[in-house]
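Quick notes on the structure that follows.
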Amino acid sequence: MADRVRVFEVGPRDGLQNEPYRLTLSAKIHFINALVNSGIQDIELGAFVRPDRVPQMADTEQLAAFVRQKKINLKKAHAWFLVPNTQGLKRAIGVGVTHFAVFTASTETFNQKNIGMSISESLKEIQKIVDDIKKMEVHCQVRGYLSTAFGCPFEGRVKPQKALKLIEKLANLGICQISIGDTIGVATPSDVTELIKPALKILGVKKTAVHFHDTRGVALANALRSLDLGVRVMDSSAGGLGGCPFAPGASGNLPTEDLVYMLNRMGIDSGVHLESLCRASLELSRKMNRPLTSRYLQAYRSQS
Ligand code: MG
């Protein structure tokens, strides 16, 4: 087993987007700096979505501009931004974004409700986005999210064959990495084997990422199964930020602390300093005036 996993931190975007609490821009920057200082190398900072629909992401342009002006010191980390469509792409390019994330889902109803497009429409939109980015003179990267890859709140269980077809299509569009997402946290390790094993064959290790939610408490087990299958890029969010918009009160993404703790004890390096990360999450937790769901963070807090 290779001894390194790349942790892709999605807290400032996927996490905060699903939190009712709205951080001020300066508090967000403070949190981002703390995450970067803990050793995170890939971090998703915002989404170029409509601010009236997703007010938590309304400061995305400012954040991207701060990155460009180096007012946020990213050190060697990459700052990623979600662009749901070509309008979002234009806004992102305008403020100097170089690392883009695009989005589609495995089920029609979810995709319609989430971005107002059918799956085939969103694949066409992604193709346009990728083509436009290729024309740019600076070196850019595009990452793809495949949501509801295991299950959908509207359509139920998703067959691996269905998700695999979309993974193949996304791979053919020239995307550097595909993050296969259990958006509503229904997968178990046997589901992970069924989908991720063939996905790894299609994509290879570098292009495969997994994105688990802990809605039913199985995210870490799924991460472990992915690790055993050979996955080396995992999405997670600091403290477990972010709920599930379809299950009020439910846990959010796989908590970064829980993932890093497990990796550390298994002798697998992620480059993340666990204590620094905990301090960052606890500070945020105090600011939001609510405990975060990470189990490691709760144990850390009670001991410190
Ligand atoms: Mg998520």
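Labeling convention for the structure tokens: chains A, B, ... as they appear, residues from 1 per chain, ligands from 1 in order of appearance.
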Query raised in the report: Mind checking DSSP for segment 2-143 of chain A and telling me the strand (DSSP E) residues as a PyMOL selection string?
Result: chain A and resi 6-9+42-47+78-82+99-105+141-143
Can you write just those residues out, N, CA, C and O atoms, as an mmCIF file, in the first residue's frame?
```
data_model
loop_
_atom_site.group_PDB
_atom_site.id
_atom_site.type_symbol
_atom_site.label_atom_id
_atom_site.label_comp_id
_atom_site.auth_asym_id
_atom_site.auth_seq_id
_atom_site.Cartn_x
_atom_site.Cartn_y
_atom_site.Cartn_z
ATOM 1 N N ARG A 6 -3.805 12.074 -0.531
ATOM 2 C CA ARG A 6 -4.026 13.504 -0.698
ATOM 3 C C ARG A 6 -5.424 13.846 -0.174
ATOM 4 O O ARG A 6 -6.421 13.307 -0.657
ATOM 5 N N VAL A 7 -5.452 14.713 0.820
ATOM 6 C CA VAL A 7 -6.731 15.124 1.404
ATOM 7 C C VAL A 7 -7.214 16.377 0.679
ATOM 8 O O VAL A 7 -6.519 17.380 0.626
ATOM 9 N N PHE A 8 -8.390 16.298 0.129
ATOM 10 C CA PHE A 8 -8.970 17.431 -0.594
ATOM 11 C C PHE A 8 -10.013 18.074 0.321
ATOM 12 O O PHE A 8 -11.090 17.516 0.545
ATOM 13 N N GLU A 9 -9.678 19.242 0.848
ATOM 14 C CA GLU A 9 -10.529 19.890 1.852
ATOM 15 C C GLU A 9 -11.679 20.666 1.188
ATOM 16 O O GLU A 9 -11.425 21.577 0.402
ATOM 17 N N ASP A 42 -4.964 20.860 -1.073
ATOM 18 C CA ASP A 42 -6.032 21.177 -2.020
ATOM 19 C C ASP A 42 -7.225 21.633 -1.210
ATOM 20 O O ASP A 42 -7.664 20.935 -0.290
ATOM 21 N N ILE A 43 -7.745 22.803 -1.565
ATOM 22 C CA ILE A 43 -8.831 23.343 -0.759
ATOM 23 C C ILE A 43 -9.845 24.035 -1.666
ATOM 24 O O ILE A 43 -9.474 24.824 -2.533
ATOM 25 N N GLU A 44 -11.097 23.677 -1.478
ATOM 26 C CA GLU A 44 -12.142 24.290 -2.291
ATOM 27 C C GLU A 44 -12.698 25.486 -1.530
ATOM 28 O O GLU A 44 -13.202 25.348 -0.417
ATOM 29 N N LEU A 45 -12.610 26.659 -2.139
ATOM 30 C CA LEU A 45 -12.907 27.890 -1.407
ATOM 31 C C LEU A 45 -14.284 28.474 -1.659
ATOM 32 O O LEU A 45 -14.820 29.198 -0.820
ATOM 33 N N GLY A 46 -14.839 28.236 -2.832
ATOM 34 C CA GLY A 46 -16.120 28.873 -3.109
ATOM 35 C C GLY A 46 -16.777 28.324 -4.350
ATOM 36 O O GLY A 46 -16.284 27.378 -4.979
ATOM 37 N N ALA A 47 -17.925 28.921 -4.678
ATOM 38 C CA ALA A 47 -18.693 28.484 -5.844
ATOM 39 C C ALA A 47 -19.250 29.708 -6.562
ATOM 40 O O ALA A 47 -19.824 30.601 -5.922
ATOM 41 N N HIS A 78 -3.458 24.445 -3.599
ATOM 42 C CA HIS A 78 -4.254 24.872 -4.742
ATOM 43 C C HIS A 78 -5.626 25.301 -4.254
ATOM 44 O O HIS A 78 -6.251 24.609 -3.454
ATOM 45 N N ALA A 79 -6.096 26.446 -4.763
ATOM 46 C CA ALA A 79 -7.428 26.944 -4.413
ATOM 47 C C ALA A 79 -8.396 26.595 -5.536
ATOM 48 O O ALA A 79 -8.235 27.040 -6.667
ATOM 49 N N TRP A 80 -9.383 25.799 -5.201
ATOM 50 C CA TRP A 80 -10.357 25.336 -6.198
ATOM 51 C C TRP A 80 -11.672 26.087 -6.046
ATOM 52 O O TRP A 80 -12.075 26.439 -4.924
ATOM 53 N N PHE A 81 -12.347 26.305 -7.169
ATOM 54 C CA PHE A 81 -13.647 26.985 -7.157
ATOM 55 C C PHE A 81 -14.628 26.222 -8.039
ATOM 56 O O PHE A 81 -14.281 25.812 -9.150
ATOM 57 N N LEU A 82 -15.839 26.077 -7.541
ATOM 58 C CA LEU A 82 -16.874 25.387 -8.314
ATOM 59 C C LEU A 82 -17.489 26.337 -9.344
ATOM 60 O O LEU A 82 -17.855 27.463 -9.017
ATOM 61 N N HIS A 99 -8.002 26.851 -10.849
ATOM 62 C CA HIS A 99 -8.403 25.479 -10.519
ATOM 63 C C HIS A 99 -9.920 25.428 -10.377
ATOM 64 O O HIS A 99 -10.475 26.024 -9.447
ATOM 65 N N PHE A 100 -10.545 24.737 -11.307
ATOM 66 C CA PHE A 100 -12.004 24.755 -11.420
ATOM 67 C C PHE A 100 -12.598 23.391 -11.062
ATOM 68 O O PHE A 100 -12.007 22.356 -11.364
ATOM 69 N N ALA A 101 -13.784 23.416 -10.473
ATOM 70 C CA ALA A 101 -14.520 22.171 -10.262
ATOM 71 C C ALA A 101 -15.854 22.279 -10.986
ATOM 72 O O ALA A 101 -16.511 23.325 -10.938
ATOM 73 N N VAL A 102 -16.216 21.222 -11.712
ATOM 74 C CA VAL A 102 -17.493 21.192 -12.419
ATOM 75 C C VAL A 102 -18.359 20.102 -11.802
ATOM 76 O O VAL A 102 -17.875 19.274 -11.035
ATOM 77 N N PHE A 103 -19.619 20.104 -12.169
ATOM 78 C CA PHE A 103 -20.564 19.291 -11.416
ATOM 79 C C PHE A 103 -21.588 18.619 -12.320
ATOM 80 O O PHE A 103 -22.132 19.229 -13.232
ATOM 81 N N THR A 104 -21.833 17.351 -12.067
ATOM 82 C CA THR A 104 -23.029 16.712 -12.598
ATOM 83 C C THR A 104 -23.465 15.643 -11.590
ATOM 84 O O THR A 104 -22.759 15.368 -10.625
ATOM 85 N N ALA A 105 -24.643 15.072 -11.837
ATOM 86 C CA ALA A 105 -25.143 14.060 -10.905
ATOM 87 C C ALA A 105 -25.473 12.777 -11.663
ATOM 88 O O ALA A 105 -25.572 12.771 -12.888
ATOM 89 N N GLN A 141 -6.555 23.670 -14.220
ATOM 90 C CA GLN A 141 -6.997 22.298 -14.008
ATOM 91 C C GLN A 141 -8.497 22.254 -13.754
ATOM 92 O O GLN A 141 -9.053 23.174 -13.151
ATOM 93 N N VAL A 142 -9.123 21.194 -14.233
ATOM 94 C CA VAL A 142 -10.561 21.021 -14.031
ATOM 95 C C VAL A 142 -10.817 19.684 -13.337
ATOM 96 O O VAL A 142 -10.348 18.641 -13.783
ATOM 97 N N ARG A 143 -11.560 19.767 -12.248
ATOM 98 C CA ARG A 143 -11.949 18.582 -11.496
ATOM 99 C C ARG A 143 -13.451 18.394 -11.662
ATOM 100 O O ARG A 143 -14.189 19.384 -11.742
#
```
Query raised in the report: Counting only C-alpha atoms, what is within 10 Å of Arg279 of chain A, bar same-chain residues fewer than 4 positions away, as a count of residues only?
Result: 11
Query raised in the report: Hey, which residues come within 10 Å of ligand 1 if we count only C-alpha atoms and all ligand atoms? Could you give them as a PyMOL selection string?
Result: chain A and resi 10-11+13-15+17-18+145+147+181-185+211-214+235-237+240-244+252-254
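Counting only C-alpha atoms, the residue from A:Ile133, A:Gly156, A:Cys278, A:Val5 that sits nearest to Leu224 of chain A is A:Val5.
Of the residues under consideration (A:Ile268, A:Val95, A:Ile175, A:Val218), A:Val218 shows the shortest atom-to-atom contact distance to Ser190 of chain A when counting only C-alpha atoms.
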**Report entry** Using only C-alpha atoms: which of A:Cys140, A:Asp258, A:Ala221, A:Gly239 has the shortest distance to Arg290 of chain A
**Finding:** A:Gly239
Query raised in the report: If you run DSSP on this backbone, which residues of segment 43-233 of chain A come out as helix (DSSP H, G or I), and could you give them as a PyMOL selection string?
Result: chain A and resi 55-57+60-68+86-94+108-115+119-134+160-172+189-203+219-229
Using the selection just defined, write its residues with C-alpha atoms as an mmCIF file, in the first residue's frame.
```
data_model
loop_
_atom_site.group_PDB
_atom_site.id
_atom_site.type_symbol
_atom_site.label_atom_id
_atom_site.label_comp_id
_atom_site.auth_asym_id
_atom_site.auth_seq_id
_atom_site.Cartn_x
_atom_site.Cartn_y
_atom_site.Cartn_z
ATOM 1 C CA PRO A 55 -25.942 33.419 0.049
ATOM 2 C CA GLN A 56 -23.126 31.557 1.853
ATOM 3 C CA MET A 57 -21.130 31.699 -1.408
ATOM 4 C CA THR A 60 -16.630 33.889 -3.735
ATOM 5 C CA GLU A 61 -15.439 36.612 -6.143
ATOM 6 C CA GLN A 62 -13.773 38.494 -3.299
ATOM 7 C CA LEU A 63 -12.112 35.319 -2.020
ATOM 8 C CA ALA A 64 -10.736 34.512 -5.475
ATOM 9 C CA ALA A 65 -9.487 38.073 -5.874
ATOM 10 C CA PHE A 66 -7.736 37.834 -2.497
ATOM 11 C CA VAL A 67 -6.060 34.617 -3.636
ATOM 12 C CA ARG A 68 -4.843 36.322 -6.789
ATOM 13 C CA THR A 86 -20.300 28.962 -18.412
ATOM 14 C CA GLN A 87 -21.617 32.118 -16.697
ATOM 15 C CA GLY A 88 -19.890 30.989 -13.513
ATOM 16 C CA LEU A 89 -16.766 30.248 -15.528
ATOM 17 C CA LYS A 90 -16.670 33.792 -16.926
ATOM 18 C CA ARG A 91 -16.916 35.242 -13.432
ATOM 19 C CA ALA A 92 -14.176 32.883 -12.205
ATOM 20 C CA ILE A 93 -11.804 33.685 -15.064
ATOM 21 C CA GLY A 94 -12.433 37.384 -14.429
ATOM 22 C CA GLU A 108 -31.865 13.365 -13.404
ATOM 23 C CA THR A 109 -34.076 14.663 -10.593
ATOM 24 C CA PHE A 110 -31.160 15.626 -8.389
ATOM 25 C CA ASN A 111 -29.336 17.360 -11.245
ATOM 26 C CA GLN A 112 -32.453 19.325 -12.210
ATOM 27 C CA LYS A 113 -33.105 20.418 -8.629
ATOM 28 C CA ASN A 114 -29.464 21.249 -8.000
ATOM 29 C CA ILE A 115 -28.326 23.036 -11.167
ATOM 30 C CA ILE A 119 -27.546 15.201 -17.083
ATOM 31 C CA SER A 120 -26.857 15.412 -20.820
ATOM 32 C CA GLU A 121 -27.244 19.206 -20.735
ATOM 33 C CA SER A 122 -24.744 19.419 -17.893
ATOM 34 C CA LEU A 123 -22.257 17.200 -19.754
ATOM 35 C CA LYS A 124 -22.523 19.562 -22.734
ATOM 36 C CA GLU A 125 -22.005 22.523 -20.410
ATOM 37 C CA ILE A 126 -18.947 20.829 -18.885
ATOM 38 C CA GLN A 127 -17.548 20.249 -22.376
ATOM 39 C CA LYS A 128 -17.950 23.983 -23.111
ATOM 40 C CA ILE A 129 -16.272 24.870 -19.822
ATOM 41 C CA VAL A 130 -13.339 22.525 -20.500
ATOM 42 C CA ASP A 131 -12.949 23.860 -24.063
ATOM 43 C CA ASP A 132 -12.957 27.482 -22.861
ATOM 44 C CA ILE A 133 -10.399 26.687 -20.179
ATOM 45 C CA LYS A 134 -8.134 24.968 -22.710
ATOM 46 C CA PRO A 160 -23.004 1.102 -10.307
ATOM 47 C CA GLN A 161 -23.382 0.635 -14.093
ATOM 48 C CA LYS A 162 -25.253 3.920 -14.306
ATOM 49 C CA ALA A 163 -22.580 5.846 -12.408
ATOM 50 C CA LEU A 164 -19.778 4.113 -14.322
ATOM 51 C CA LYS A 165 -21.214 5.217 -17.670
ATOM 52 C CA LEU A 166 -21.100 8.827 -16.477
ATOM 53 C CA ILE A 167 -17.602 8.399 -15.057
ATOM 54 C CA GLU A 168 -16.477 7.248 -18.511
ATOM 55 C CA LYS A 169 -18.181 10.184 -20.180
ATOM 56 C CA LEU A 170 -16.621 12.676 -17.759
ATOM 57 C CA ALA A 171 -13.186 11.102 -18.218
ATOM 58 C CA ASN A 172 -13.504 11.538 -21.985
ATOM 59 C CA PRO A 189 -18.261 -0.597 2.014
ATOM 60 C CA SER A 190 -19.799 -3.261 -0.255
ATOM 61 C CA ASP A 191 -21.325 -0.499 -2.426
ATOM 62 C CA VAL A 192 -17.913 1.175 -2.471
ATOM 63 C CA THR A 193 -16.243 -1.976 -3.777
ATOM 64 C CA GLU A 194 -18.921 -2.404 -6.448
ATOM 65 C CA LEU A 195 -18.456 1.098 -7.848
ATOM 66 C CA ILE A 196 -14.959 2.239 -6.974
ATOM 67 C CA LYS A 197 -13.119 -0.918 -8.060
ATOM 68 C CA PRO A 198 -14.253 -0.623 -11.711
ATOM 69 C CA ALA A 199 -13.981 3.193 -11.535
ATOM 70 C CA LEU A 200 -10.292 2.855 -10.633
ATOM 71 C CA LYS A 201 -9.838 0.645 -13.708
ATOM 72 C CA ILE A 202 -11.362 3.317 -15.924
ATOM 73 C CA LEU A 203 -9.696 6.349 -14.348
ATOM 74 C CA ALA A 219 -18.178 7.652 5.807
ATOM 75 C CA LEU A 220 -14.954 6.565 7.495
ATOM 76 C CA ALA A 221 -15.662 2.891 6.818
ATOM 77 C CA ASN A 222 -16.180 3.788 3.170
ATOM 78 C CA ALA A 223 -12.961 5.792 3.118
ATOM 79 C CA LEU A 224 -11.096 2.797 4.548
ATOM 80 C CA ARG A 225 -12.550 0.465 1.925
ATOM 81 C CA SER A 226 -11.560 2.973 -0.790
ATOM 82 C CA LEU A 227 -8.067 3.119 0.639
ATOM 83 C CA ASP A 228 -7.808 -0.681 0.501
ATOM 84 C CA LEU A 229 -9.005 -0.606 -3.105
#
```
Query - Proximity to Val233 of chain A - best of A:Asp59, A:Asp269, A:Glu257, A:Asp52, only C-alpha atoms - result: A:Asp269
Requested in this report: Using only C-alpha atoms, find the one residue out of A:Cys152, A:Met288, A:Ala187, A:Val260 that sits nearest to Thr24 of chain A.
Outcome: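 The closest residue to Thr24 of chain A is A:Met288.
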